[in-house]
Amino acid sequence: MAAEIDNAYKKLSPIAGNGLFAKKAFQEGELIFGIPRPMLTELDSAGLRLYCSNCFVRSNDGLPGSRHIKISACSACKVVSYCSKQCQSIAWKRQHKAQCPIWKGLPRASEIPHAVRLVAQALAARKNGRISDKEWEAFESLPGHVDKLRERDDFETHAAMAMGALKYSGVETSSNFDKALAIYARILTNSLTITTAALYPIGVGVDPFASCANHSCEPNAFVVLEGTKLCYRALRPISKDEEISMSYVDDKCPFFQRQKELRDRYYFDCKCSKCQRGCDTMEDRLKQPSPEQERKISRYASALTTGKPDRYVPEDTPLPATDEFLIHKLARQLPRRIRKPRDSISPLSPDLYALEAYAFGYVESIGGPKTVDLEPLLPVMWLLSSTEVWPNYRQPFPDLVEDFLRRTASLEGPSKAGFHNLGPVWLFAVFRYIQIDPILYPAHHPLRTLHVFSLANWSMTLLEDSEADQRRVLELALGGPLARRIDFLALAKDFLSEAQASVVKSHGHQSRFSYAVIAQAPLNLFGERGSPPGYAEHKRPERLRLLEDVAKVVDEKKSSWFRQMMEGRFMEDVFGERALKKSDQGVRGYFSSFNANFEKALGGPFSDSEDDDKDWKRDYNWLSSDDE
Ligand SMILES: C[S@@+](CC[C@H](N)C(=O)[O-])C[C@H]1O[C@@H](n2cnc3c(N)ncnc32)[C@H](O)[C@@H]1O
């Protein structure tokens with residue numbers, strides 16, 4: 001593998017081992033380098049049936065041309081899927097020929113963890129000569145930390161994974177376990193997440209060049225995928241010969257959380273410029289609690305750490321419940337008991353530390369974004385916001401808002417349940433747009449492009465759905481005078497213009513996503529004119545001030561809204577009578593009957609509902625491997 005690609009090169013780094021460096025200066029948003037396809041890739045279990053394993057396209061993903069794409073499973077193993085005979089044939093030669101007979105013999109092969117499948121693929125590819133000596137040498141020079149892996153409490157689990165990979169690779173010999181373990185460890189340390197244009201994770205990949213970038217909590221680059229092309233783009237200006245850094249973890253997390261994740265998975269203590277400042281950064285700061293808030297936080301912490309509220313409240317207490325009751329329930333929901341720290345390693349008070357530990361532990365326990373159930377998110381969102389000291393941009397709150405919006409907007413079609421859910425989606429998306437995103441990310445960050453593009457689409461959907469209904473919903477939530485001033489059509493245009501201005505820097509010129517934002521969306525949203533009639537550009541600052549007012553209301557009311565949602569009273573209390581008819585289904589029923597179809601369209605969360613499964617089975621067809 002070449003030690004340079006496009007305008008980046010690899011050499012020894014002052015940070016650690018090898019690193020990647022810039023061959024020239026880059027402006028923010030500029031492409032640094034792109035790898036047509038990482039050396040090895042594997043889709044995760046859900047992704048296998050939805051995305052082409054060769055080009056990662058998905059049927060009807062909202063991007064140009066995808067409506068006519070049909071994803072078909074390999075008729076032999078029924079594990080991997082392709083969008084065409086051509087993709088099937090390329091993948092067959094590259095890797096599938098070796099793996100198909102193995103997957104075919106396993107009844108639930110698609111459920112094998114993708115890291116295990118990736119190791120099996122690496123072993124088989126190396127044995128079959130598909131990975132050259134030079135590439136393999138570069139791969140083997142990546143750190144694996146296998147000794148550290150052996151020291152871990154959960155080593156047995158990892159050993160079993162490596163053993164499984166060896167078995168599924170078809171590479172004979174029982175003496176190869178150490179080799180498989182070393183590859184497995186190297187893949188764990190060096191894998192890059194494969195995502196859709198909507199940054200939704202669908203698999204993992206590893207590449208001897210692209211995996212060489214070192215970590216910084218203040219990175220100067222980010223990774224986006226254009227189909228299979230893995231691109232490093234500049235997050236801020238980079239000078240010639242500067243080291244290119246990316247963030248392995250969420251760099252918006254507080255100091256101890258970042259350090260913990262980096263140590264756990266990558267075995268190092270980060271000493272980047274942000275970490276040098278320890279907890280004295282925006283990521284760690286909390287608002288100063290008043291004495292009354294302090295007492296409340298102390299009560300919460302005590303209940304969470306002991307599992308007992310000050311005052312016992314029986315489980316069957318009728319709703320609406322007291323705070324104590326809710327906290328008591330929360331305390332029971334955490335798999336591990338949180339302890340207040342004995343020696344304060346954190347500058348937070350022990351009570352706040354317990355709360356923070358609870359929040360991160362809880363978020364970890366509810367797993368990734370691949371479920372659509374809203375209920376698990378609400379208690380922790382309520383908990384953080386009801387402390388009144390947790391800034392909206394402080395993790396894990398922004399992550400929870402992201403997950404909340406993805407889950408809420410990803411289910412059935414708007415025609416089914418209509419406005420009830422799109423109202424909250426829009427309100428919280430505006431809240432994120434005003435109070436979270438500008439604080440956390442520069443304007444051309446891919447997440448911001450995505451968020452503002454979603455807002456353009458949601459604003460239009462709200463308008464089209466039923467203007468009168470929407471107004472009523474928003475009047476109930478925001479109050480009449482404010483709600484009546486919202487001009488969804490003009491806002492949709494403002495949001496779209498903003499997405500268009502940032503997408504080239506966040507996703508590049510050539511991506512299908514950029515094409516969708518620049519060329520396709522104006523047509524879809526505003527027809528041939530590409531702009532709403534009578535659109536007043538000069539009133540943009542006024543509309544922005546209105547959005548600030550909307551976000552302020554959401555901020556003030558969010559804690560009580562989350563609580564009402566938890567108790568199934570949200571629709572009744574906030575969105576009035578019409579919602580009441582369905583409120584017996586509770587929050588879950590509500591939210592699960594809605595779909596702005598947009599996140600899903602961009603490859604958003606996979607629905608795990610049975611209905612979805614039925615559709616999949618009906619639509620799914622098989623690609624025969626006769627002429628492979
Ligand atoms: C994906 S590799 C990065 C490339 C690696 N430096 C090499 O020599 O090939 C990840 C490993 O690099 C090291 N590393 C990356 N960023 C680091 C940092 N900021 N400080 C210390 N070690 C780092 C750690 O050993 C980590 O497990």
# chains A, B, ... in the order shown; residues from 1 in each chain; ligands from 1
>>> residues_near_ligand(ligand="ligand 1", cutoff="6 Å", atoms="only C-alpha atoms and all ligand atoms", output="short mmCIF file (atom, residue, chain, number, x, y, z; two decimals) with C-alpha atoms, in the first residue's frame")
data_model
loop_
_atom_site.label_atom_id
_atom_site.label_comp_id
_atom_site.auth_asym_id
_atom_site.auth_seq_id
_atom_site.Cartn_x
_atom_site.Cartn_y
_atom_site.Cartn_z
CA ILE A 15 1.76 11.81 18.84
CA ALA A 16 2.05 8.03 18.45
CA GLY A 17 3.49 5.52 15.98
CA ASN A 18 2.66 6.45 12.42
CA GLY A 19 0.31 9.23 11.49
CA LEU A 142 -1.01 -0.90 12.62
CA PRO A 143 -1.08 -1.25 16.42
CA THR A 189 -8.27 -0.77 17.25
CA ASN A 190 -8.25 0.40 13.64
CA SER A 211 -6.75 3.86 9.53
CA CYS A 212 -3.42 5.56 10.22
CA ALA A 213 -4.79 8.92 11.37
CA ASN A 214 -4.15 9.58 15.03
CA HIS A 215 -6.79 10.88 17.39
CA SER A 216 -7.38 14.36 18.74
CA TYR A 266 -7.69 2.34 22.11
CA TYR A 267 -5.46 1.96 25.18
CA PHE A 268 -4.05 5.46 25.46
CA CYS A 270 -5.15 11.47 25.33
#
>>> residues_around(residues="Leu378 in chain A", least_positions_apart="2", cutoff="10 Å", atoms="only C-alpha atoms", output="number ranges by chain")
A: 374-376, 380-383, 400-401, 404, 559, 561-567
>>> write_last_selection(atoms="C-alpha atoms", output="mmCIF file, in the first residue's frame")
data_model
loop_
_atom_site.group_PDB
_atom_site.id
_atom_site.type_symbol
_atom_site.label_atom_id
_atom_site.label_comp_id
_atom_site.auth_asym_id
_atom_site.auth_seq_id
_atom_site.Cartn_x
_atom_site.Cartn_y
_atom_site.Cartn_z
ATOM 1 C CA LEU A 374 -38.921 6.177 22.241
ATOM 2 C CA GLU A 375 -39.670 5.227 25.803
ATOM 3 C CA PRO A 376 -36.151 4.372 26.959
ATOM 4 C CA VAL A 380 -32.891 10.316 31.097
ATOM 5 C CA MET A 381 -33.847 13.321 28.973
ATOM 6 C CA TRP A 382 -36.232 14.375 31.697
ATOM 7 C CA LEU A 383 -33.630 13.751 34.402
ATOM 8 C CA LEU A 400 -30.287 12.018 23.212
ATOM 9 C CA VAL A 401 -31.984 14.768 21.200
ATOM 10 C CA PHE A 404 -35.130 11.237 19.977
ATOM 11 C CA SER A 559 -38.536 19.115 31.057
ATOM 12 C CA TRP A 561 -42.890 17.757 28.111
ATOM 13 C CA PHE A 562 -40.493 14.834 28.588
ATOM 14 C CA ARG A 563 -42.242 14.004 31.780
ATOM 15 C CA GLN A 564 -45.653 14.189 30.171
ATOM 16 C CA MET A 565 -44.396 11.924 27.404
ATOM 17 C CA MET A 566 -43.141 9.415 29.973
ATOM 18 C CA GLU A 567 -46.540 9.367 31.564
#
>>> atom_distance(atom1="CA of Asp403 in chain A", atom2="CA of Ala551 in chain A")
18.2 Å
>>> residues_around(residues="Glu4 in chain A", least_positions_apart="3", cutoff="12 Å", atoms="only C-alpha atoms", output="VMD selection string")
chain A and resid 1 7 to 11 19 to 23 32 to 35 208 to 210 212
>>> select_by_dssp(residues="range 155-278 of chain A", states="alpha helix (DSSP H)", output="NGL selection string")
:A and (155-169 or 177-190 or 255-266 or 273-276)
>>> write_last_selection(atoms="C-alpha atoms", output="mmCIF file, in the first residue's frame")
data_model
loop_
_atom_site.group_PDB
_atom_site.id
_atom_site.type_symbol
_atom_site.label_atom_id
_atom_site.label_comp_id
_atom_site.auth_asym_id
_atom_site.auth_seq_id
_atom_site.Cartn_x
_atom_site.Cartn_y
_atom_site.Cartn_z
ATOM 1 C CA PHE A 155 -10.776 -11.371 27.271
ATOM 2 C CA GLU A 156 -12.625 -14.698 27.096
ATOM 3 C CA THR A 157 -15.390 -13.077 25.044
ATOM 4 C CA HIS A 158 -12.864 -11.557 22.655
ATOM 5 C CA ALA A 159 -11.005 -14.859 22.403
ATOM 6 C CA ALA A 160 -14.264 -16.582 21.466
ATOM 7 C CA MET A 161 -14.836 -13.982 18.735
ATOM 8 C CA ALA A 162 -11.365 -14.527 17.297
ATOM 9 C CA MET A 163 -11.897 -18.291 17.471
ATOM 10 C CA GLY A 164 -15.202 -17.929 15.632
ATOM 11 C CA ALA A 165 -13.567 -15.784 12.966
ATOM 12 C CA LEU A 166 -10.901 -18.422 12.432
ATOM 13 C CA LYS A 167 -13.551 -21.075 12.056
ATOM 14 C CA TYR A 168 -15.607 -19.019 9.586
ATOM 15 C CA SER A 169 -12.580 -17.996 7.532
ATOM 16 C CA PHE A 177 -5.513 -18.882 16.907
ATOM 17 C CA ASP A 178 -2.810 -16.369 17.863
ATOM 18 C CA LYS A 179 -2.786 -15.073 14.321
ATOM 19 C CA ALA A 180 -6.566 -14.684 14.325
ATOM 20 C CA LEU A 181 -6.453 -12.968 17.727
ATOM 21 C CA ALA A 182 -3.802 -10.524 16.497
ATOM 22 C CA ILE A 183 -5.910 -9.649 13.440
ATOM 23 C CA TYR A 184 -9.037 -9.356 15.561
ATOM 24 C CA ALA A 185 -7.252 -7.010 17.998
ATOM 25 C CA ARG A 186 -5.886 -4.937 15.121
ATOM 26 C CA ILE A 187 -9.335 -4.616 13.588
ATOM 27 C CA LEU A 188 -10.848 -3.537 16.901
ATOM 28 C CA THR A 189 -8.273 -0.767 17.249
ATOM 29 C CA ASN A 190 -8.253 0.398 13.643
ATOM 30 C CA PHE A 255 -13.101 15.087 29.691
ATOM 31 C CA PHE A 256 -13.448 11.959 31.838
ATOM 32 C CA GLN A 257 -15.849 10.320 29.443
ATOM 33 C CA ARG A 258 -13.504 10.888 26.489
ATOM 34 C CA GLN A 259 -10.522 9.615 28.445
ATOM 35 C CA LYS A 260 -12.419 6.556 29.585
ATOM 36 C CA GLU A 261 -13.569 5.602 26.088
ATOM 37 C CA LEU A 262 -10.123 6.153 24.563
ATOM 38 C CA ARG A 263 -8.442 4.098 27.274
ATOM 39 C CA ASP A 264 -11.019 1.291 27.078
ATOM 40 C CA ARG A 265 -10.960 0.834 23.358
ATOM 41 C CA TYR A 266 -7.686 2.341 22.110
ATOM 42 C CA SER A 273 -4.704 20.384 23.474
ATOM 43 C CA LYS A 274 -8.265 20.024 24.725
ATOM 44 C CA CYS A 275 -7.386 17.283 27.193
ATOM 45 C CA GLN A 276 -4.514 19.413 28.505
#
>>> atom_distance(atom1="CA of Ala98 in chain A", atom2="CA of Asn176 in chain A")
18.1 Å
>>> atom_distance(atom1="CA of Gln27 in chain A", atom2="CA of Pro254 in chain A")
28.3 Å
>>> closest_residue(among="A:Leu405, A:Ala198, A:Leu546, A:Leu355", to="Leu478 in chain A", atoms="only C-alpha atoms")
A:Leu546
>>> residues_around(residues="Ala490 in chain A", least_positions_apart="4", cutoff="10 Å", atoms="only C-alpha atoms", output="list in words")
Ala456, Ser459, Met460, Ile486, Asp494, Phe495, Leu496, Ser531, Pro532, Pro533, Gly534, Tyr535, Ala536, Glu537, Lys539, Arg540 and Arg543 of chain A
>>> closest_atom_pairs(of="range 396-465 of chain A", to="range 283-288 of chain A", cutoff="12 Å", atoms="only C-alpha atoms", output="CSV")
residue,atom,partner,partner_atom,distance
A:Pro396,CA,A:Glu283,CA,10.3
A:Phe397,CA,A:Glu283,CA,11.4
A:Pro398,CA,A:Glu283,CA,11.5
A:Ile439,CA,A:Glu283,CA,10.4
A:Leu440,CA,A:Glu283,CA,9.1
>>> residues_around(residues="Val550 in chain A", least_positions_apart="6", cutoff="10 Å", atoms="only C-alpha atoms", output="tab-separated table (two decimals) with N, CA and C atoms, in the first residue's frame")
chain	number	residue	atom	x	y	z
A	427	LEU	N	-40.43	21.06	16.44
A	427	LEU	CA	-40.07	21.94	17.57
A	427	LEU	C	-38.69	21.58	18.12
A	428	PHE	N	-38.43	20.29	18.29
A	428	PHE	CA	-37.12	19.90	18.84
A	428	PHE	C	-36.00	20.06	17.81
A	430	VAL	N	-35.89	22.53	15.67
A	430	VAL	CA	-35.58	23.96	15.72
A	430	VAL	C	-34.75	24.26	16.98
A	431	PHE	N	-35.15	23.66	18.07
A	431	PHE	CA	-34.41	23.83	19.33
A	431	PHE	C	-32.94	23.41	19.14
A	434	ILE	N	-31.00	25.90	16.94
A	434	ILE	CA	-30.65	27.19	17.56
A	434	ILE	C	-29.74	27.00	18.78
A	474	LEU	N	-49.21	23.79	16.87
A	474	LEU	CA	-48.14	24.67	17.31
A	474	LEU	C	-48.66	25.80	18.19
A	477	ALA	N	-48.75	24.38	21.59
A	477	ALA	CA	-47.43	24.19	22.18
A	477	ALA	C	-46.73	25.51	22.46
A	478	LEU	N	-46.88	26.46	21.52
A	478	LEU	CA	-46.07	27.68	21.61
A	478	LEU	C	-46.87	28.91	22.04
A	479	GLY	N	-48.15	28.78	22.00
A	479	GLY	CA	-48.98	29.96	22.21
A	479	GLY	C	-49.30	30.57	20.85
A	482	LEU	N	-47.11	33.56	18.80
A	482	LEU	CA	-45.83	33.09	18.25
A	482	LEU	C	-46.07	32.11	17.09
A	483	ALA	N	-46.96	31.15	17.32
A	483	ALA	CA	-47.20	30.13	16.30
A	483	ALA	C	-47.71	30.73	15.00
A	486	ILE	N	-45.24	31.86	12.23
A	486	ILE	CA	-44.32	30.93	11.55
A	486	ILE	C	-44.69	30.79	10.07
A	544	LEU	N	-35.13	34.21	11.64
A	544	LEU	CA	-34.18	33.59	12.57
A	544	LEU	C	-34.52	33.98	14.01
>>> residues_around(residues="Lys229 in chain A", least_positions_apart="3", cutoff="8 Å", atoms="only C-alpha atoms", output="VMD selection string")
chain A and resid 34 to 38 225 to 226
>>> closest_residue(among="A:Arg277, A:Lys24, A:Ile436, A:Pro201", to="Pro237 in chain A", atoms="only C-alpha atoms")
A:Lys24
>>> closest_residue(among="A:Leu230, A:Leu149, A:Val204, A:Val119", to="Ser511 in chain A", atoms="only C-alpha atoms")
A:Leu230
